[in-house]
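Colleague: The following block contains the structure, expressed as structure tokens.
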Amino acid sequence: MKSLLSFALSTTLILCNTVVSSAASPKKCTPAPAPETAPDPLPLFDLVEYYYEPPSRQSPSELLSTQVSESQIRNKLALNSLALGGEDFDGLDYVFTEDAVANLSAPIGVVKGRDNIKQAIRQVLTAGEGVDGHDLISSPLIEVDPQNPCLAKSLTYFTTTFFGVSGPWQGLGQASSLSGQFRDTWVQDEAGEWRISIRILVYIGFPIGNLLPRN
Ligand SMILES: *[C@@H]1O[C@H](CO)[C@@H](O)[C@H](O)[C@H]1NC(C)=O
């Protein structure tokens with residue numbers, strides 16, 4: 001019984017390894033350059049149809065490669081939060097392509113190039129003295145293009161909370177938050193790494209709370 005079980009297990013492992021190694025060397029991607037400006041954001045009402053994907057007809061190895069890509073993208077979204085929370089803006093080098101374009105919405109608008117995106121985000125997050133930011137993302141929807149495994153899109157909700165922790169805010173217990181969506185277009189590079197080439201930030205509602213980021 002035991003040997004039958006270990007035989008079954010090792011066969012499964014061999015099968016898994018075969019699938020993994022064929023998925024680990026998919027065709028190399030050549031990312032297209034990012035556009036000069038971001039496309040107009042779709043209305044909220046149109047998002048379900050835009051993101052809905054019918055069941056896939058991919059082969060098991062294609063499906064596995066899709067899943068690996070999706071989990072890499074999910075981790076990159078988490079790295080984005082870590083970079084913002086720790087004010088490690090150079091950490092965004094792992095997240096955006098060098099020529100990425102972002103519509104960061106009013107009052108910033110469209111920003112072209114990773115260095116300019118980093119600078120714009122830095123200005124918003126470091127504007128308030130004695131304020132710590134906390135960037136949460138939720139409801140991640142991540143889709144690798146079934147026609148083109150080098151391209152993906154994602155939509156995540158975000159809530160950024162600003163806590164007044166020191167200086168003028170010391171002991172006051174004040175906080176504010178901003179909510180919205182990140183709608184991202186991802187490209188995979190020659191080395192297999194995913195980065196955002198287009199980000200559209202859509203705020204939902206207005207900033208709330210008693211501590212607003214000051215410009
Ligand atoms: C940028 O996003 C804002 C808010 O979502 C939108 O009103 C504006 O039209 C966008 N600009 C461009 C150039 O797409």
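Ordered as shown in the structure tokens, chains take letters A, B, and onward, while each chain numbers its residues from 1 and ligands are numbered from 1 in the order shown.
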Taking only C-alpha atoms and all ligand atoms into account, report as a compact mmCIF listing (two decimals) with C-alpha atoms, in the first residue's frame which residues have an atom no farther than 7 Å from an atom of ligand 1.

Modeller:
```
# COMPACT_ATOMS: atom_id res chain seq x y z
CA THR A 37 -0.80 58.90 -23.30
CA ALA A 38 -3.23 56.67 -21.41
CA PRO A 39 -6.51 55.66 -23.04
CA ASP A 40 -9.68 57.29 -21.71
CA PRO A 41 -10.92 55.45 -18.62
CA ASN A 103 -3.10 58.78 -15.77
CA LEU A 104 -2.95 59.55 -12.06
CA SER A 105 -6.18 61.52 -12.32
CA ALA A 106 -6.75 65.13 -11.21
CA GLY A 109 -3.18 63.94 -14.75
CA VAL A 110 -1.13 62.02 -17.31
CA ILE A 200 -5.11 54.43 -15.07
CA LEU A 201 -5.99 55.59 -11.57
CA VAL A 202 -9.68 56.28 -11.10
CA TYR A 203 -10.73 57.81 -7.78
```

Colleague: Contacts of stretch 139-145 of chain A at 10 Å or less, counting only C-alpha atoms, minus same-chain residues fewer than 2 places along, as a PyMOL selection string?

Modeller: chain A and resi 51-53+65-67+69-71+73-74+77+137+147-158+181-187

Colleague: Take the residues just selected and output them with C-alpha atoms as an mmCIF file, in the first residue's frame.

Modeller:
```
data_model
loop_
_atom_site.group_PDB
_atom_site.id
_atom_site.type_symbol
_atom_site.label_atom_id
_atom_site.label_comp_id
_atom_site.auth_asym_id
_atom_site.auth_seq_id
_atom_site.Cartn_x
_atom_site.Cartn_y
_atom_site.Cartn_z
ATOM 1 C CA TYR A 51 -13.008 42.159 -17.893
ATOM 2 C CA TYR A 52 -15.272 39.118 -18.229
ATOM 3 C CA GLU A 53 -13.402 36.125 -19.664
ATOM 4 C CA SER A 65 1.958 29.432 -17.684
ATOM 5 C CA THR A 66 -1.055 31.785 -17.434
ATOM 6 C CA GLN A 67 -1.381 31.018 -13.732
ATOM 7 C CA SER A 69 2.057 34.961 -14.895
ATOM 8 C CA GLU A 70 -1.009 35.906 -12.866
ATOM 9 C CA SER A 71 0.697 35.098 -9.603
ATOM 10 C CA ILE A 73 1.490 40.069 -11.385
ATOM 11 C CA ARG A 74 -0.331 39.655 -8.049
ATOM 12 C CA LEU A 77 0.791 44.612 -7.104
ATOM 13 C CA ILE A 137 -5.333 46.808 -2.490
ATOM 14 C CA GLN A 147 -4.398 35.459 -27.545
ATOM 15 C CA ASN A 148 -1.083 36.920 -26.369
ATOM 16 C CA PRO A 149 0.629 35.487 -23.255
ATOM 17 C CA CYS A 150 3.024 38.484 -23.202
ATOM 18 C CA LEU A 151 0.197 40.920 -22.369
ATOM 19 C CA ALA A 152 -2.103 41.157 -19.349
ATOM 20 C CA LYS A 153 -4.512 43.514 -17.661
ATOM 21 C CA SER A 154 -5.510 43.933 -14.068
ATOM 22 C CA LEU A 155 -7.942 45.912 -11.994
ATOM 23 C CA THR A 156 -7.568 46.354 -8.252
ATOM 24 C CA TYR A 157 -9.387 48.538 -5.790
ATOM 25 C CA PHE A 158 -7.188 50.581 -3.509
ATOM 26 C CA GLN A 181 -9.164 51.675 -8.776
ATOM 27 C CA PHE A 182 -5.856 50.905 -10.433
ATOM 28 C CA ARG A 183 -6.504 49.704 -13.972
ATOM 29 C CA ASP A 184 -3.223 48.393 -15.288
ATOM 30 C CA THR A 185 -1.895 47.037 -18.566
ATOM 31 C CA TRP A 186 1.075 44.697 -18.112
ATOM 32 C CA VAL A 187 3.808 43.566 -20.477
#
```

Colleague: For A:Pro35, please output as a PyMOL selection string all residues within 8 Å (counting only C-alpha atoms; exclusion window: fewer than 4 positions along the same chain).

Modeller: chain A and resi 100-101+198

Colleague: Compile the contact shell of stretch 162-174 of chain A as a VMD selection string: residues with an atom at most 10 Å away, counting only C-alpha atoms, same-chain residues fewer than 3 positions apart removed.

Modeller: chain A and resid 125 128 to 135 159 177 to 178 209 to 213

Colleague: Using atom CA of A:Gln188 and atom CA of A:Ser61 as the two end points, give the distance in Å to one decimal.

Modeller: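 Atom CA of A:Ser61 lies 17.8 Å from atom CA of A:Gln188.
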
Colleague: What's the separation between atom CA of A:Leu82 and atom CA of A:Ala191, in Å to one decimal place?

Modeller: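 For atom CA of A:Leu82 relative to atom CA of A:Ala191, the distance reads 23.1 Å.
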
Colleague: Please indicate the distance in Å from atom CA of A:Ala78 to atom CA of A:Ser138, rounded to one decimal place.

Modeller: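 Spanning atom CA of A:Ala78 to atom CA of A:Ser138 is a straight-line distance of 10.1 Å.
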
Colleague: Which one of A:Ile196, A:Ile208, A:Leu44, A:Ala34 sits closest to A:Leu92 if you count only C-alpha atoms?

Modeller: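 When distances to A:Leu92 are compared using only C-alpha atoms, the smallest one comes from A:Ile196.
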
Colleague: Run DSSP on the backbone and grab whatever in stretch 2-168 of chain A lands in alpha helix (DSSP H); send it over as number ranges by chain.

Modeller: A: 2-24, 47-51, 60-85, 114-125

Colleague: Report the residues of stretch 44-122 of chain A whose backbone DSSP state falls under strand (DSSP E or B), written as number ranges by chain.

Modeller: A: 96-103, 110-112

Colleague: Please dump the current selection as a short mmCIF file (atom, residue, chain, number, x, y, z; two decimals), in the first residue's frame; keep N, CA and C atoms.

Modeller:
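Resulting contents of selection23.cif:
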```cif
data_model
loop_
_atom_site.label_atom_id
_atom_site.label_comp_id
_atom_site.auth_asym_id
_atom_site.auth_seq_id
_atom_site.Cartn_x
_atom_site.Cartn_y
_atom_site.Cartn_z
N PHE A 96 6.95 49.26 -12.73
CA PHE A 96 6.61 49.97 -13.97
C PHE A 96 7.71 49.79 -15.02
N THR A 97 7.33 49.74 -16.29
CA THR A 97 8.34 49.76 -17.36
C THR A 97 8.93 51.17 -17.40
N GLU A 98 10.12 51.27 -17.99
CA GLU A 98 10.80 52.56 -18.01
C GLU A 98 9.99 53.62 -18.76
N ASP A 99 9.26 53.18 -19.80
CA ASP A 99 8.52 54.17 -20.61
C ASP A 99 7.03 54.18 -20.26
N ALA A 100 6.67 53.64 -19.06
CA ALA A 100 5.25 53.52 -18.69
C ALA A 100 4.56 54.88 -18.72
N VAL A 101 3.25 54.82 -18.93
CA VAL A 101 2.45 56.05 -18.88
C VAL A 101 1.37 55.83 -17.83
N ALA A 102 1.08 56.87 -17.05
CA ALA A 102 0.04 56.72 -16.03
C ALA A 102 -0.87 57.94 -16.05
N ASN A 103 -2.16 57.68 -16.02
CA ASN A 103 -3.10 58.78 -15.77
C ASN A 103 -3.41 58.70 -14.28
N VAL A 110 -1.94 63.03 -16.62
CA VAL A 110 -1.13 62.02 -17.31
C VAL A 110 0.36 62.29 -17.10
N VAL A 111 1.09 61.23 -16.72
CA VAL A 111 2.52 61.34 -16.49
C VAL A 111 3.22 60.28 -17.33
N LYS A 112 4.23 60.69 -18.08
CA LYS A 112 4.92 59.75 -18.98
C LYS A 112 6.32 59.45 -18.47
#
```

Colleague: Got a sec: who's within 9 Å of A:Lys118, counting only C-alpha atoms, leaving out chain neighbours fewer than 3 positions off, as a list in words?

Modeller: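 The residues that qualify are Phe89, Asp90, Leu92, Asp93, Gly113, Arg114, Asp115, Ile121, Arg122 and Gln123 of chain A.
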
Colleague: Would you pick out the contacts of A:Gly91 at 10 Å or less, using only C-alpha atoms, so that residues sharing its chain but fewer than 4 positions from it are not included, and give the list as a ChimeraX atom specification?

Modeller: /A:79-84,86-87,95-96,118
